[in-house]
$ cat run00.pdb   # PDB, C-alpha atoms and all ligand atoms
ATOM      1  CA  MET A   1      -5.814   5.908 -30.802
ATOM      2  CA  SER A   2      -6.196   5.372 -27.059
ATOM      3  CA  VAL A   3      -3.070   5.854 -24.920
ATOM      4  CA  LEU A   4      -3.963   2.804 -22.810
ATOM      5  CA  HIS A   5      -6.038  -0.301 -23.482
ATOM      6  CA  TYR A   6      -7.624  -2.549 -20.908
ATOM      7  CA  LEU A   7      -6.667  -6.032 -22.148
ATOM      8  CA  ASN A   8      -6.872  -9.360 -20.322
ATOM      9  CA  GLN A   9      -7.201  -7.627 -16.913
ATOM     10  CA  GLY A  10      -4.134  -5.479 -17.625
ATOM     11  CA  LEU A  11      -3.293  -2.006 -18.908
ATOM     12  CA  TYR A  12      -1.368  -1.937 -22.176
ATOM     13  CA  CYS A  13       0.216   1.118 -23.767
ATOM     14  CA  PRO A  14       0.765   0.490 -27.499
ATOM     15  CA  ALA A  15       2.894   3.636 -27.995
ATOM     16  CA  ALA A  16       5.403   2.381 -25.372
ATOM     17  CA  ASP A  17       4.815  -1.314 -26.075
ATOM     18  CA  ALA A  18       4.592  -1.722 -22.288
ATOM     19  CA  TRP A  19       2.160  -2.962 -19.657
ATOM     20  CA  ILE A  20       1.413  -1.356 -16.300
ATOM     21  CA  ASP A  21       1.326  -3.872 -13.404
ATOM     22  CA  PRO A  22       0.707  -6.742 -15.852
ATOM     23  CA  PRO A  23      -1.221  -9.724 -14.431
ATOM     24  CA  CYS A  24       0.997 -12.192 -16.324
ATOM     25  CA  PRO A  25       4.569 -12.213 -17.692
ATOM     26  CA  VAL A  26       5.161  -9.735 -20.536
ATOM     27  CA  LYS A  27       8.200  -8.337 -22.317
ATOM     28  CA  ARG A  28       8.139  -4.893 -20.697
ATOM     29  CA  ALA A  29       6.417  -4.032 -17.393
ATOM     30  CA  ILE A  30       6.039  -0.699 -15.631
ATOM     31  CA  ILE A  31       5.485  -1.424 -11.938
ATOM     32  CA  THR A  32       3.636   0.980  -9.639
ATOM     33  CA  HIS A  33       4.841  -0.754  -6.458
ATOM     34  CA  ALA A  34       6.179  -4.024  -5.073
ATOM     35  CA  HIS A  35       2.967  -5.476  -3.576
ATOM     36  CA  ALA A  36       2.321  -8.972  -4.949
ATOM     37  CA  ASP A  37      -0.871  -8.067  -6.815
ATOM     38  CA  HIS A  38       1.014  -5.362  -8.789
ATOM     39  CA  ALA A  39       4.495  -6.820  -9.258
ATOM     40  CA  ARG A  40       4.628 -10.308 -10.715
ATOM     41  CA  PRO A  41       7.608 -12.445 -11.690
ATOM     42  CA  GLY A  42       8.621 -13.513 -15.192
ATOM     43  CA  CYS A  43       8.695 -10.232 -17.134
ATOM     44  CA  GLY A  44      11.522  -9.454 -19.567
ATOM     45  CA  GLU A  45      12.230  -6.036 -18.100
ATOM     46  CA  TYR A  46      10.851  -3.900 -15.291
ATOM     47  CA  TRP A  47      10.606  -0.128 -15.028
ATOM     48  CA  ALA A  48      10.014   1.022 -11.464
ATOM     49  CA  CYS A  49      10.831   3.671  -8.872
ATOM     50  CA  ASP A  50      14.412   3.389  -7.569
ATOM     51  CA  GLN A  51      13.102   3.149  -3.986
ATOM     52  CA  SER A  52      11.350  -0.129  -4.737
ATOM     53  CA  GLU A  53      14.271  -1.854  -6.474
ATOM     54  CA  THR A  54      15.558  -3.772  -3.419
ATOM     55  CA  ILE A  55      12.128  -5.064  -2.460
ATOM     56  CA  LEU A  56      11.298  -5.952  -6.083
ATOM     57  CA  ARG A  57      14.517  -7.987  -6.353
ATOM     58  CA  GLN A  58      13.781  -9.727  -3.068
ATOM     59  CA  ARG A  59      10.279 -10.649  -4.196
ATOM     60  CA  LEU A  60      10.728 -11.344  -7.921
ATOM     61  CA  GLY A  61      14.333 -12.558  -8.110
ATOM     62  CA  ARG A  62      17.749 -10.974  -7.663
ATOM     63  CA  ASP A  63      18.606 -11.122 -11.351
ATOM     64  CA  ILE A  64      15.527  -9.489 -12.862
ATOM     65  CA  LYS A  65      16.264  -6.643 -15.262
ATOM     66  CA  ILE A  66      15.206  -3.373 -13.605
ATOM     67  CA  HIS A  67      15.371   0.156 -14.940
ATOM     68  CA  SER A  68      15.310   2.333 -11.803
ATOM     69  CA  ILE A  69      13.628   5.700 -12.200
ATOM     70  CA  ASN A  70      13.559   8.617  -9.760
ATOM     71  CA  TYR A  71      10.288  10.364  -8.984
ATOM     72  CA  GLY A  72       9.723  13.042 -11.616
ATOM     73  CA  GLU A  73      12.447  11.795 -13.979
ATOM     74  CA  GLU A  74      11.288  11.657 -17.595
ATOM     75  CA  PHE A  75      11.962   8.565 -19.701
ATOM     76  CA  ARG A  76      10.960   7.566 -23.209
ATOM     77  CA  LEU A  77       9.645   4.247 -24.445
ATOM     78  CA  GLY A  78       8.777   4.191 -28.127
ATOM     79  CA  GLN A  79       6.478   7.107 -28.862
ATOM     80  CA  ALA A  80       5.546   7.658 -25.198
ATOM     81  CA  LYS A  81       7.021  10.092 -22.679
ATOM     82  CA  LEU A  82       6.705   8.712 -19.153
ATOM     83  CA  SER A  83       7.413   9.685 -15.558
ATOM     84  CA  LEU A  84       6.727   8.266 -12.094
ATOM     85  CA  HIS A  85       5.226  10.314  -9.262
ATOM     86  CA  SER A  86       4.904   9.469  -5.597
ATOM     87  CA  ALA A  87       1.653   7.716  -4.659
ATOM     88  CA  GLY A  88       2.089   7.886  -0.846
ATOM     89  CA  HIS A  89       1.081   4.216  -0.540
ATOM     90  CA  VAL A  90       4.281   2.348   0.477
ATOM     91  CA  LEU A  91       8.036   2.880   0.010
ATOM     92  CA  GLY A  92       8.672   3.452  -3.708
ATOM     93  CA  SER A  93       5.011   3.479  -4.734
ATOM     94  CA  ALA A  94       4.392   5.455  -7.902
ATOM     95  CA  GLN A  95       1.732   6.842 -10.176
ATOM     96  CA  VAL A  96       2.550   6.516 -13.874
ATOM     97  CA  ARG A  97       2.182   9.576 -16.102
ATOM     98  CA  ILE A  98       2.089   8.799 -19.819
ATOM     99  CA  GLU A  99       2.186  11.426 -22.509
ATOM    100  CA  VAL A 100       1.497  10.440 -26.108
ATOM    101  CA  GLY A 101       1.052  13.209 -28.674
ATOM    102  CA  ASP A 102      -0.810  15.943 -26.838
ATOM    103  CA  GLU A 103      -2.639  13.655 -24.424
ATOM    104  CA  VAL A 104      -1.673  12.919 -20.820
ATOM    105  CA  TRP A 105      -2.931   9.847 -19.002
ATOM    106  CA  LEU A 106      -2.271   9.024 -15.363
ATOM    107  CA  VAL A 107      -2.491   5.629 -13.638
ATOM    108  CA  THR A 108      -2.506   6.063  -9.859
ATOM    109  CA  GLY A 109      -1.744   2.481  -8.760
ATOM    110  CA  ASP A 110      -2.611   2.197  -5.050
ATOM    111  CA  TYR A 111      -2.383   5.520  -3.231
ATOM    112  CA  LYS A 112      -3.314   7.403  -0.091
ATOM    113  CA  ARG A 113      -3.603  11.017   0.995
ATOM    114  CA  CYS A 114      -3.070  10.651   4.789
ATOM    115  CA  HIS A 115       0.362  11.585   6.150
ATOM    116  CA  ASP A 116       2.687   8.582   6.470
ATOM    117  CA  PRO A 117       6.208   9.053   7.907
ATOM    118  CA  SER A 118       7.419   5.826   6.221
ATOM    119  CA  CYS A 119       7.074   6.989   2.616
ATOM    120  CA  GLU A 120       7.014  10.091   0.456
ATOM    121  CA  PRO A 121       3.730  12.013   0.312
ATOM    122  CA  PHE A 122       1.309  11.715  -2.612
ATOM    123  CA  GLU A 123       2.020  14.087  -5.469
ATOM    124  CA  SER A 124      -0.979  15.611  -7.247
ATOM    125  CA  VAL A 125      -0.587  15.323 -11.042
ATOM    126  CA  LYS A 126      -2.834  16.882 -13.695
ATOM    127  CA  CYS A 127      -3.968  14.797 -16.632
ATOM    128  CA  ASP A 128      -6.556  14.412 -19.381
ATOM    129  CA  VAL A 129      -7.531  10.864 -18.499
ATOM    130  CA  LEU A 130      -7.208   9.409 -14.993
ATOM    131  CA  ILE A 131      -7.250   5.745 -14.016
ATOM    132  CA  THR A 132      -7.779   5.602 -10.261
ATOM    133  CA  GLU A 133      -8.111   2.784  -7.757
ATOM    134  CA  SER A 134     -11.187   2.749  -5.507
ATOM    135  CA  THR A 135     -10.463   0.056  -2.920
ATOM    136  CA  PHE A 136     -12.350   2.048  -0.264
ATOM    137  CA  GLY A 137     -14.704   3.922  -2.607
ATOM    138  CA  LEU A 138     -17.714   4.195  -0.329
ATOM    139  CA  PRO A 139     -18.676   7.226   1.793
ATOM    140  CA  ILE A 140     -18.525   5.090   4.973
ATOM    141  CA  TYR A 141     -14.710   4.999   4.710
ATOM    142  CA  ARG A 142     -13.095   7.997   6.393
ATOM    143  CA  TRP A 143      -9.758   7.533   8.078
ATOM    144  CA  LYS A 144      -8.344   8.938  11.322
ATOM    145  CA  SER A 145      -4.727  10.104  11.114
ATOM    146  CA  GLY A 146      -2.001   7.486  11.386
ATOM    147  CA  LYS A 147      -0.648   9.288  14.429
ATOM    148  CA  GLN A 148      -3.939   8.912  16.251
ATOM    149  CA  VAL A 149      -4.156   5.205  15.411
ATOM    150  CA  ALA A 150      -0.537   4.723  16.562
ATOM    151  CA  ARG A 151      -1.485   6.338  19.873
ATOM    152  CA  GLU A 152      -4.365   3.831  20.220
ATOM    153  CA  ILE A 153      -2.002   0.958  19.427
ATOM    154  CA  TYR A 154       0.476   2.226  22.014
ATOM    155  CA  GLU A 155      -2.204   2.452  24.714
ATOM    156  CA  TRP A 156      -3.456  -1.044  23.889
ATOM    157  CA  TRP A 157       0.102  -2.408  24.083
ATOM    158  CA  ARG A 158       1.208  -0.580  27.255
ATOM    159  CA  THR A 159      -1.854  -1.422  29.360
ATOM    160  CA  GLU A 160      -1.131  -5.157  28.948
ATOM    161  CA  THR A 161       1.883  -5.716  31.209
ATOM    162  CA  GLU A 162       1.489  -9.417  32.034
ATOM    163  CA  HIS A 163       1.276 -10.869  28.512
ATOM    164  CA  PRO A 164       2.713 -10.204  25.055
ATOM    165  CA  SER A 165       0.736  -8.106  22.575
ATOM    166  CA  LEU A 166       0.592  -9.496  19.040
ATOM    167  CA  LEU A 167      -0.240  -7.000  16.326
ATOM    168  CA  PHE A 168      -0.924  -8.465  12.889
ATOM    169  CA  CYS A 169      -0.648  -6.360   9.759
ATOM    170  CA  TYR A 170       0.781  -6.527   6.231
ATOM    171  CA  ALA A 171       4.519  -7.121   6.347
ATOM    172  CA  PHE A 172       5.323  -4.629   3.586
ATOM    173  CA  GLY A 173       4.149  -1.073   4.221
ATOM    174  CA  LYS A 174       1.725  -1.293   7.125
ATOM    175  CA  ALA A 175       4.200  -2.668   9.675
ATOM    176  CA  GLN A 176       6.805  -0.003   8.857
ATOM    177  CA  ARG A 177       4.170   2.718   8.964
ATOM    178  CA  VAL A 178       3.232   1.628  12.504
ATOM    179  CA  LEU A 179       6.922   1.584  13.531
ATOM    180  CA  ALA A 180       7.508   5.042  12.032
ATOM    181  CA  GLU A 181       4.314   6.505  13.541
ATOM    182  CA  LEU A 182       5.312   5.168  16.985
ATOM    183  CA  LYS A 183       8.697   6.845  16.576
ATOM    184  CA  SER A 184       7.041  10.112  15.585
ATOM    185  CA  LEU A 185       5.138   9.995  18.897
ATOM    186  CA  GLY A 186       8.510   9.997  20.687
ATOM    187  CA  ILE A 187       8.332   6.335  21.683
ATOM    188  CA  MET A 188      11.720   4.679  22.253
ATOM    189  CA  GLU A 189      10.755   1.141  23.343
ATOM    190  CA  GLU A 190      11.942  -1.794  21.254
ATOM    191  CA  VAL A 191       9.380  -3.662  19.166
ATOM    192  CA  LEU A 192       9.855  -7.324  18.273
ATOM    193  CA  LEU A 193       9.288  -8.525  14.727
ATOM    194  CA  HIS A 194       8.333 -11.727  12.936
ATOM    195  CA  GLY A 195      11.009 -12.724  10.383
ATOM    196  CA  ALA A 196       8.964 -11.632   7.346
ATOM    197  CA  VAL A 197       8.444  -8.165   8.822
ATOM    198  CA  GLU A 198      12.095  -7.922   9.891
ATOM    199  CA  THR A 199      13.438  -8.330   6.331
ATOM    200  CA  ILE A 200      11.349  -5.545   4.814
ATOM    201  CA  THR A 201      11.876  -3.279   7.802
ATOM    202  CA  GLY A 202      15.608  -3.599   7.076
ATOM    203  CA  HIS A 203      15.037  -2.284   3.530
ATOM    204  CA  TYR A 204      13.101   0.670   4.955
ATOM    205  CA  ARG A 205      15.973   1.472   7.341
ATOM    206  CA  GLU A 206      18.435   1.378   4.441
ATOM    207  CA  ALA A 207      16.170   3.856   2.637
ATOM    208  CA  GLY A 208      16.500   6.188   5.639
ATOM    209  CA  VAL A 209      13.053   5.757   7.216
ATOM    210  CA  ASP A 210      13.106   6.611  10.932
ATOM    211  CA  MET A 211      11.419   3.934  13.074
ATOM    212  CA  VAL A 212      11.443   2.694  16.692
ATOM    213  CA  PRO A 213      14.204   0.150  17.465
ATOM    214  CA  THR A 214      13.300  -3.400  16.420
ATOM    215  CA  ARG A 215      14.650  -6.910  16.876
ATOM    216  CA  PRO A 216      13.600 -10.278  15.429
ATOM    217  CA  VAL A 217      11.596 -12.115  18.069
ATOM    218  CA  SER A 218      13.617 -15.243  17.170
ATOM    219  CA  GLU A 219      16.681 -13.648  18.822
ATOM    220  CA  LEU A 220      15.043 -13.771  22.254
ATOM    221  CA  GLU A 221      15.260 -16.701  24.635
ATOM    222  CA  ARG A 222      12.491 -19.225  23.990
ATOM    223  CA  LYS A 223      11.782 -19.200  27.740
ATOM    224  CA  ASP A 224      11.267 -15.442  27.813
ATOM    225  CA  PRO A 225       7.551 -14.896  28.579
ATOM    226  CA  LEU A 226       7.715 -11.584  26.620
ATOM    227  CA  LYS A 227       5.561  -9.863  29.225
ATOM    228  CA  GLY A 228       4.453  -6.451  28.083
ATOM    229  CA  ARG A 229       6.265  -6.699  24.719
ATOM    230  CA  LEU A 230       4.795  -5.711  21.352
ATOM    231  CA  ILE A 231       5.356  -8.165  18.502
ATOM    232  CA  ILE A 232       4.416  -7.331  14.903
ATOM    233  CA  ALA A 233       3.636 -10.216  12.530
ATOM    234  CA  PRO A 234       2.013 -10.767   9.129
ATOM    235  CA  PRO A 235      -1.605 -12.019   9.002
ATOM    236  CA  SER A 236      -0.366 -15.398   7.671
ATOM    237  CA  ALA A 237       1.232 -16.070  11.091
ATOM    238  CA  TYR A 238      -2.105 -15.777  12.876
ATOM    239  CA  LYS A 239      -3.151 -19.149  14.377
ATOM    240  CA  SER A 240      -0.022 -20.738  12.831
ATOM    241  CA  PRO A 241       2.466 -22.912  14.792
ATOM    242  CA  TRP A 242       4.596 -19.755  15.168
ATOM    243  CA  MET A 243       2.001 -18.406  17.599
ATOM    244  CA  LYS A 244       2.485 -21.284  20.065
ATOM    245  CA  ARG A 245       5.575 -19.504  21.372
ATOM    246  CA  PHE A 246       3.403 -16.832  23.009
ATOM    247  CA  LYS A 247       1.535 -17.418  26.229
ATOM    248  CA  GLU A 248      -1.978 -15.982  26.283
ATOM    249  CA  PRO A 249      -1.135 -13.018  24.068
ATOM    250  CA  GLN A 250      -3.625 -10.284  23.340
ATOM    251  CA  THR A 251      -4.152 -10.002  19.581
ATOM    252  CA  ALA A 252      -5.105  -7.223  17.197
ATOM    253  CA  PHE A 253      -5.228  -6.589  13.457
ATOM    254  CA  ALA A 254      -4.449  -3.253  11.803
ATOM    255  CA  SER A 255      -6.121  -2.740   8.416
ATOM    256  CA  GLY A 256      -8.602  -0.539   6.601
ATOM    257  CA  TRP A 257     -10.926  -3.528   6.553
ATOM    258  CA  MET A 258     -11.276  -3.233  10.327
ATOM    259  CA  ALA A 259     -13.690  -0.384   9.542
ATOM    260  CA  VAL A 260     -16.171  -2.991   8.335
ATOM    261  CA  ARG A 261     -18.334  -4.131  11.204
ATOM    262  CA  GLY A 262     -17.917  -7.842  11.845
ATOM    263  CA  ALA A 263     -14.602  -8.233   9.998
ATOM    264  CA  ARG A 264     -12.600  -8.382  13.220
ATOM    265  CA  ARG A 265     -14.976 -10.828  14.869
ATOM    266  CA  ARG A 266     -15.052 -13.095  11.825
ATOM    267  CA  ARG A 267     -11.292 -13.396  11.838
ATOM    268  CA  GLY A 268     -11.106 -13.810  15.604
ATOM    269  CA  TYR A 269      -8.839 -10.886  16.550
ATOM    270  CA  GLU A 270      -9.635  -9.310  19.916
ATOM    271  CA  ARG A 271      -9.034  -5.808  18.706
ATOM    272  CA  GLY A 272      -9.071  -4.028  15.350
ATOM    273  CA  PHE A 273      -7.242  -0.830  14.443
ATOM    274  CA  VAL A 274      -8.487   0.987  11.357
ATOM    275  CA  LEU A 275      -5.337   1.888   9.462
ATOM    276  CA  SER A 276      -5.239   1.870   5.678
ATOM    277  CA  ASP A 277      -2.630   2.616   3.033
ATOM    278  CA  HIS A 278      -5.367   3.396   0.513
ATOM    279  CA  ALA A 279      -7.267   6.638   0.047
ATOM    280  CA  ASP A 280     -10.569   6.950   1.899
ATOM    281  CA  TRP A 281     -13.713   8.402   0.285
ATOM    282  CA  THR A 282     -12.626  11.995   0.892
ATOM    283  CA  GLY A 283      -9.129  11.261  -0.435
ATOM    284  CA  LEU A 284     -10.468   9.657  -3.619
ATOM    285  CA  ILE A 285     -12.833  12.533  -4.447
ATOM    286  CA  MET A 286     -10.166  15.156  -3.661
ATOM    287  CA  THR A 287      -7.602  13.393  -5.876
ATOM    288  CA  ILE A 288      -9.998  12.986  -8.783
ATOM    289  CA  LYS A 289     -10.967  16.675  -8.670
ATOM    290  CA  GLN A 290      -7.356  17.872  -8.331
ATOM    291  CA  SER A 291      -6.317  15.856 -11.409
ATOM    292  CA  GLU A 292      -8.732  17.974 -13.514
ATOM    293  CA  ALA A 293      -9.177  14.901 -15.722
ATOM    294  CA  LYS A 294     -11.794  15.088 -18.452
ATOM    295  CA  LYS A 295     -12.363  11.368 -18.208
ATOM    296  CA  ILE A 296     -11.993   9.064 -15.217
ATOM    297  CA  TYR A 297     -11.758   5.277 -15.176
ATOM    298  CA  ILE A 298     -12.168   3.460 -11.872
ATOM    299  CA  THR A 299     -10.721   0.100 -10.812
ATOM    300  CA  HIS A 300     -10.031  -2.125  -7.770
ATOM    301  CA  GLY A 301     -13.120  -1.744  -5.635
ATOM    302  CA  GLN A 302     -16.423   0.062  -5.754
ATOM    303  CA  GLU A 303     -16.247   1.092  -9.428
ATOM    304  CA  ASP A 304     -19.986   1.526  -9.995
ATOM    305  CA  VAL A 305     -20.796   3.435  -6.819
ATOM    306  CA  LEU A 306     -17.953   5.900  -7.268
ATOM    307  CA  ALA A 307     -18.599   6.336 -11.024
ATOM    308  CA  ARG A 308     -22.258   7.080 -10.372
ATOM    309  CA  TYR A 309     -21.447   9.578  -7.615
ATOM    310  CA  LEU A 310     -18.894  11.383  -9.807
ATOM    311  CA  THR A 311     -21.306  11.532 -12.747
ATOM    312  CA  GLU A 312     -24.485  12.476 -10.896
ATOM    313  CA  VAL A 313     -23.179  14.649  -8.071
ATOM    314  CA  GLU A 314     -19.916  16.089  -9.384
ATOM    315  CA  GLY A 315     -20.901  16.254 -13.060
ATOM    316  CA  LEU A 316     -17.770  14.402 -14.201
ATOM    317  CA  ASN A 317     -17.185  11.797 -16.904
ATOM    318  CA  ALA A 318     -16.509   8.635 -14.897
ATOM    319  CA  PHE A 319     -16.656   4.950 -15.816
ATOM    320  CA  PRO A 320     -15.658   1.556 -14.433
ATOM    321  CA  LEU A 321     -12.350   0.469 -16.014
ATOM    322  CA  GLU A 322     -14.085  -2.363 -17.946
ATOM    323  CA  MET A 323     -15.498   0.381 -20.180
ATOM    324  CA  LEU A 324     -11.976   1.144 -21.463
ATOM    325  CA  LYS A 325     -11.345  -1.021 -24.476
TER
HETATM  326 ZN    ZN B 401      -0.518  -1.922  -2.741
HETATM  327 ZN    ZN B 402      -3.197  -3.177  -4.771
END
$ encode --input "run00.pdb" --output "structure tokens"
Amino acid sequence: MSVLHYLNQGLYCPAADAWIDPPCPVKRAIITHAHADHARPGCGEYWACDQSETILRQRLGRDIKIHSINYGEEFRLGQAKLSLHSAGHVLGSAQVRIEVGDEVWLVTGDYKRCHDPSCEPFESVKCDVLITESTFGLPIYRWKSGKQVAREIYEWWRTETEHPSLLFCYAFGKAQRVLAELKSLGIMEEVLLHGAVETITGHYREAGVDMVPTRPVSELERKDPLKGRLIIAPPSAYKSPWMKRFKEPQTAFASGWMAVRGARRRRGYERGFVLSDHADWTGLIMTIKQSEAKKIYITHGQEDVLARYLTEVEGLNAFPLEMLK
């Protein structure tokens, strides 16, 4: 019997009677990380990394039933032996290792291989069957280091002294990575935050992540022209009434999608910084090879392209996840 089944867009483990990142409410959910497309409300119980507990409660409800697991700690559900391993994606992100009988399966969730001072590094885990994401599974995606991108952001911010600089990026993960990368460059200036970014940044500070000083922009005088200040906000605030507070700001968006020509222009940002919390092409191939998996299933992105490359060039057994039944 298969360790995992791909049912109704979700991964089900019969031996554990549990789902991984279920798309709808189920009795027992194992959560790779607290991003909204992986952690959904309404489940009977949640099993997740201890570092994501606070954010999960904030997003799914304070009273949800959570079993908090440390990285590497073994736990049993039914006939399955499980453990969570750092995925290097955001605070508390985990890969799920499932052992049933003498077979080991690994579900990566979202992951990246670039250094990120705001979360633990990716841990390479060996397995028989690997289920990997492939959000950026095309050879055109190759990332610069986060440090280098932070330096570009800093230059962009500091050369504009007459107006505020508005940087848009995901409120959970990306914003804190930028703040931590700026700190790692030795920068001491205060950065102002939109309320949604402020809340999650607080959770990161509680977890001990070192970042530049921050303050909610709402604490500043409404009359303050915010000349030369950097403000970080979620993409949903772009062109919203919230933006009226800023006079002729320069705007930018930080995302892996900024690597796609035209994406910045279509959305209207003046500047794009290519910064992703997913593995690039090199990172995906390296991870797949290091797992030594005999079979690879690919999801979330360019399944066919990556499967074909792995089969034809690397001589591996790779399939889009829909092939897992
Ligand atoms: Zn994610
Ligand atoms: Zn995701």
$ closest_atom_pairs --input "run00.pdb" --of "chain A" --to "ligand ZN 402 (chain B)" --cutoff "9 Å" --atoms "all atoms listed in the file" --output "Markdown table"
| residue | atom | partner | partner_atom | distance |
| --- | --- | --- | --- | --- |
| A:His33 | CA | B:ZN402 | ZN | 8.6 |
| A:His35 | CA | B:ZN402 | ZN | 6.7 |
| A:Ala36 | CA | B:ZN402 | ZN | 8.0 |
| A:Asp37 | CA | B:ZN402 | ZN | 5.8 |
| A:His38 | CA | B:ZN402 | ZN | 6.2 |
| A:Gly109 | CA | B:ZN402 | ZN | 7.1 |
| A:Asp110 | CA | B:ZN402 | ZN | 5.4 |
| A:Tyr111 | CA | B:ZN402 | ZN | 8.9 |
| A:Glu133 | CA | B:ZN402 | ZN | 8.3 |
| A:Thr135 | CA | B:ZN402 | ZN | 8.2 |
| A:His278 | CA | B:ZN402 | ZN | 8.7 |
| A:His300 | CA | B:ZN402 | ZN | 7.5 |
$ resolve_selection --input "run00.pdb" --expression "the PyMOL selection byres (((chain A and resi 233) around 12) and not hetatm)" --output "MDAnalysis selection string"
chainID A and resid 165:172 174:176 178 191:201 216:217 230:232 234:240 242:243 251:254
$ resolve_selection --input "run00.pdb" --expression "the PyMOL selection byres (((chain A and resi 156-161) around 12) and not hetatm)" --output "MDAnalysis selection string"
chainID A and resid 149:155 162:167 182 187 189 191 225:232 248:253 270:273
$ resolve_selection --input "run00.pdb" --expression "the PyMOL selection byres (((chain A and resi 55) around 10) and not hetatm)" --output "PyMOL selection string"
chain A and resi 33-35+51-54+56-62+91-92+172+199-200+203-204
$ axis_aligned_box --input "run00.pdb" --around "segment 135-138 of chain A" --padding-each-side "5 Å" --output "lines of an AutoDock Vina configuration file"
center_x = -14.1
center_y = 2.1
center_z = -1.6
size_x = 17.3
size_y = 14.1
size_z = 12.7
$ closest_residue --input "run00.pdb" --among "A:Ala87, A:Val260, A:Ala48, A:Cys43" --to "Phe75 of chain A" --atoms "all atoms listed in the file"
A:Ala48
$ closest_residue --input "run00.pdb" --among "A:Val313, A:Ile31, A:Leu82, A:Leu284" --to "ligand ZN 401 (chain B)" --atoms "all atoms listed in the file"
A:Ile31
$ residues_near_point --input "run00.pdb" --point "(-11.7, 11.8, 2.7)" --cutoff "12 Å" --atoms "only C-alpha atoms" --output "JSON, numbers by chain"
{"A": [112, 113, 114, 136, 137, 138, 139, 140, 141, 142, 143, 144, 145, 278, 279, 280, 281, 282, 283, 284, 285, 286, 287, 288]}
$ write_last_selection --input "run00.pdb" --atoms "C-alpha atoms" --output "PDB file, keeping the file's coordinate frame"
ATOM      1  CA  LYS A 112      -3.314   7.403  -0.091  1.00  0.00           C
ATOM      2  CA  ARG A 113      -3.603  11.017   0.995  1.00  0.00           C
ATOM      3  CA  CYS A 114      -3.070  10.651   4.789  1.00  0.00           C
ATOM      4  CA  PHE A 136     -12.350   2.048  -0.264  1.00  0.00           C
ATOM      5  CA  GLY A 137     -14.704   3.922  -2.607  1.00  0.00           C
ATOM      6  CA  LEU A 138     -17.714   4.195  -0.329  1.00  0.00           C
ATOM      7  CA  PRO A 139     -18.676   7.226   1.793  1.00  0.00           C
ATOM      8  CA  ILE A 140     -18.525   5.090   4.973  1.00  0.00           C
ATOM      9  CA  TYR A 141     -14.710   4.999   4.710  1.00  0.00           C
ATOM     10  CA  ARG A 142     -13.095   7.997   6.393  1.00  0.00           C
ATOM     11  CA  TRP A 143      -9.758   7.533   8.078  1.00  0.00           C
ATOM     12  CA  LYS A 144      -8.344   8.938  11.322  1.00  0.00           C
ATOM     13  CA  SER A 145      -4.727  10.104  11.114  1.00  0.00           C
ATOM     14  CA  HIS A 278      -5.367   3.396   0.513  1.00  0.00           C
ATOM     15  CA  ALA A 279      -7.267   6.638   0.047  1.00  0.00           C
ATOM     16  CA  ASP A 280     -10.569   6.950   1.899  1.00  0.00           C
ATOM     17  CA  TRP A 281     -13.713   8.402   0.285  1.00  0.00           C
ATOM     18  CA  THR A 282     -12.626  11.995   0.892  1.00  0.00           C
ATOM     19  CA  GLY A 283      -9.129  11.261  -0.435  1.00  0.00           C
ATOM     20  CA  LEU A 284     -10.468   9.657  -3.619  1.00  0.00           C
ATOM     21  CA  ILE A 285     -12.833  12.533  -4.447  1.00  0.00           C
ATOM     22  CA  MET A 286     -10.166  15.156  -3.661  1.00  0.00           C
ATOM     23  CA  THR A 287      -7.602  13.393  -5.876  1.00  0.00           C
ATOM     24  CA  ILE A 288      -9.998  12.986  -8.783  1.00  0.00           C
TER      25      ILE A 288
END
$ residues_near_point --input "run00.pdb" --point "(2.3, 11.5, -26.6)" --cutoff "7 Å" --atoms "all atoms listed in the file" --output "PDB file with C-alpha atoms, in the frame of the given file"
ATOM      1  CA  GLN A  79       6.478   7.107 -28.862  1.00  0.00           C
ATOM      2  CA  ALA A  80       5.546   7.658 -25.198  1.00  0.00           C
ATOM      3  CA  LYS A  81       7.021  10.092 -22.679  1.00  0.00           C
ATOM      4  CA  GLU A  99       2.186  11.426 -22.509  1.00  0.00           C
ATOM      5  CA  VAL A 100       1.497  10.440 -26.108  1.00  0.00           C
ATOM      6  CA  GLY A 101       1.052  13.209 -28.674  1.00  0.00           C
ATOM      7  CA  ASP A 102      -0.810  15.943 -26.838  1.00  0.00           C
ATOM      8  CA  GLU A 103      -2.639  13.655 -24.424  1.00  0.00           C
TER       9      GLU A 103
END
$ residues_around --input "run00.pdb" --residues "Ile131 of chain A" --least-positions-apart "6" --cutoff "7 Å" --atoms "only C-alpha atoms" --output "list in words"
Leu106, Val107, Thr108, Ile296, Tyr297 and Ile298 of chain A
$ closest_residue --input "run00.pdb" --among "A:His89, A:Arg265, A:Lys289, A:Arg308" --to "ligand ZN 401 (chain B)" --atoms "only C-alpha atoms and all ligand atoms"
A:His89
$ atom_distance --input "run00.pdb" --atom1 "atom CA of Lys126 of chain A" --atom2 "atom CA of Ala18 of chain A"
21.8 Å
$ residues_around --input "run00.pdb" --residues "His5 of chain A" --least-positions-apart "2" --cutoff "8 Å" --atoms "all atoms listed in the file" --output "ChimeraX atom specification"
/A:2-3,7,11-14,324-325
$ atom_distance --input "run00.pdb" --atom1 "atom CA of Glu45 of chain A" --atom2 "atom CA of His67 of chain A"
7.6 Å
$ atom_distance --input "run00.pdb" --atom1 "atom CA of Tyr46 of chain A" --atom2 "atom CA of Asp21 of chain A"
9.7 Å
